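Content type TSV, C-alpha atoms, from the file target.tsv:
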```tsv
chain	number	residue	atom	x	y	z
A	103	MET	CA	18.56	-15.78	9.84
A	104	THR	CA	19.34	-14.84	6.26
A	105	ALA	CA	20.79	-11.40	5.68
A	106	MET	CA	18.62	-9.10	3.63
A	107	HIS	CA	19.51	-6.22	1.35
A	108	ILE	CA	17.43	-3.34	2.68
A	109	LEU	CA	16.77	0.11	1.24
A	110	LEU	CA	16.24	2.62	4.02
A	111	ALA	CA	14.44	5.82	2.97
A	112	GLU	CA	14.74	8.36	5.79
A	113	ASP	CA	15.53	12.09	5.62
A	114	GLU	CA	16.19	12.67	9.33
A	115	PRO	CA	19.98	12.14	9.73
A	116	ILE	CA	19.98	10.97	13.35
A	117	LEU	CA	17.16	8.46	12.81
A	118	GLY	CA	18.60	7.28	9.50
A	119	GLU	CA	22.02	6.68	11.02
A	120	TRP	CA	20.54	4.86	14.01
A	121	LEU	CA	18.29	2.62	11.88
A	122	SER	CA	21.10	1.90	9.45
A	123	LYS	CA	23.48	0.84	12.21
A	124	ALA	CA	20.82	-1.25	13.97
A	125	LEU	CA	19.96	-3.12	10.77
A	126	GLU	CA	23.63	-3.64	9.91
A	127	GLN	CA	24.36	-4.95	13.42
A	128	SER	CA	21.57	-7.46	12.82
A	129	GLY	CA	23.55	-8.72	9.81
A	130	HIS	CA	21.70	-6.94	7.01
A	131	ARG	CA	23.14	-4.93	4.14
A	132	VAL	CA	21.65	-1.41	4.12
A	133	ASP	CA	21.56	1.33	1.50
A	134	TRP	CA	20.30	4.62	2.91
A	135	ARG	CA	18.69	7.37	0.81
A	136	ASN	CA	17.28	10.66	2.08
A	137	ASP	CA	15.22	11.85	-0.91
A	138	GLY	CA	12.27	10.20	-2.65
A	139	ARG	CA	13.80	10.66	-6.10
A	140	LEU	CA	16.96	8.86	-4.94
A	141	VAL	CA	14.83	6.02	-3.57
A	142	GLU	CA	13.26	5.45	-6.99
A	143	THR	CA	16.69	5.48	-8.64
A	144	ALA	CA	18.02	2.97	-6.10
A	145	VAL	CA	15.06	0.62	-6.56
A	146	ALA	CA	15.57	0.70	-10.33
A	147	SER	CA	19.27	-0.10	-10.06
A	148	ALA	CA	19.44	-2.84	-7.39
A	149	ASP	CA	17.49	-5.79	-6.03
A	150	TYR	CA	16.22	-5.21	-2.50
A	151	ASP	CA	14.54	-7.63	-0.15
A	152	ALA	CA	12.82	-4.85	1.81
A	153	LEU	CA	12.15	-1.11	1.76
A	154	VAL	CA	11.81	0.88	4.99
A	155	LEU	CA	10.01	3.97	3.74
A	156	ASP	CA	9.52	7.33	5.45
A	157	LEU	CA	6.31	8.83	4.07
A	158	GLY	CA	7.49	12.43	4.56
A	159	LEU	CA	10.55	12.44	2.30
A	160	PRO	CA	11.72	15.55	0.43
A	161	GLY	CA	11.95	15.58	-3.36
A	162	ARG	CA	9.17	13.03	-3.74
A	163	SER	CA	7.09	11.96	-0.77
A	164	GLY	CA	7.21	8.38	0.44
A	165	THR	CA	3.50	8.13	-0.39
A	166	GLU	CA	4.23	9.13	-3.99
A	167	VAL	CA	7.19	6.75	-4.18
A	168	LEU	CA	5.00	3.91	-2.97
A	169	ARG	CA	2.23	4.77	-5.42
A	170	ARG	CA	4.71	4.82	-8.30
A	171	LEU	CA	6.30	1.52	-7.23
A	172	ARG	CA	2.96	-0.24	-7.06
```

Written form, structure tokens:
Amino acid sequence: MTAMHILLAEDEPILGEWLSKALEQSGHRVDWRNDGRLVETAVASADYDALVLDLGLPGRSGTEVLRRLR
């Protein structure tokens, strides 16, 4: 399996930490952001293979982030 660079967008600390660790233990590189505005900044500044997106993010909802990315 090829390691992926994954952007995790999750505002719940316990869930974000758990998902981050699980993905890293699977050999992936993970950047974790907890605010929709930070997600957009991260996407603009790095190349990601995947985005795990919480739709209920503060700052800018995951739905809005997705709409703007499309």

Need the shell around segment 145-154 of chain A: protein/DNA/RNA residues with any atom at most 6 Å away, counting all atoms listed in the file. Skip same-chain ones fewer than 6 positions apart. Format as a VMD selection string?
chain A and resid 106 to 111

Using only C-alpha atoms, pick whichever of A:Pro160, A:Leu171, A:Asp133, A:Arg139 has the shortest atom-to-atom distance to Gly118 of chain A.
A:Asp133

Please measure the separation of atom CA of Ala124 of chain A and atom CA of Ser163 of chain A, giving the value in Å to one decimal.
24.1 Å

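Counting all atoms listed in the file and comparing A:Gly138, A:Gly129, A:Ala144, A:Pro115, the residue that lies closest to Leu157 of chain A is A:Gly138.
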
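The interatomic distance for the pair atom CA of Leu140 of chain A and atom CA of Gly161 of chain A works out to 8.5 Å.
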
Excluding same-chain residues fewer than 4 positions from segment 125-128 of chain A, what lies within 9 Å of it counting only C-alpha atoms, as JSON, numbers by chain?
{"A": [105, 108, 120, 121, 132]}

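Relative to atom CA of Val167 of chain A, atom CA of Asp113 of chain A is found at 13.9 Å.
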
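Distances here use all atoms listed in the file; by that measure, the residue among A:Glu142, A:Leu117, A:Ser122, A:Asn136 closest to Gly158 of chain A is A:Asn136.
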
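Minimum distance to His130 of chain A across A:Arg170, A:Gly164, A:Leu159, A:Thr104 (counting all atoms listed in the file) occurs at A:Thr104.
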
Option closest in space to Glu114 of chain A, from A:Arg162, A:Trp134, A:Arg172, A:Thr143 [counting all atoms listed in the file]:
A:Trp134
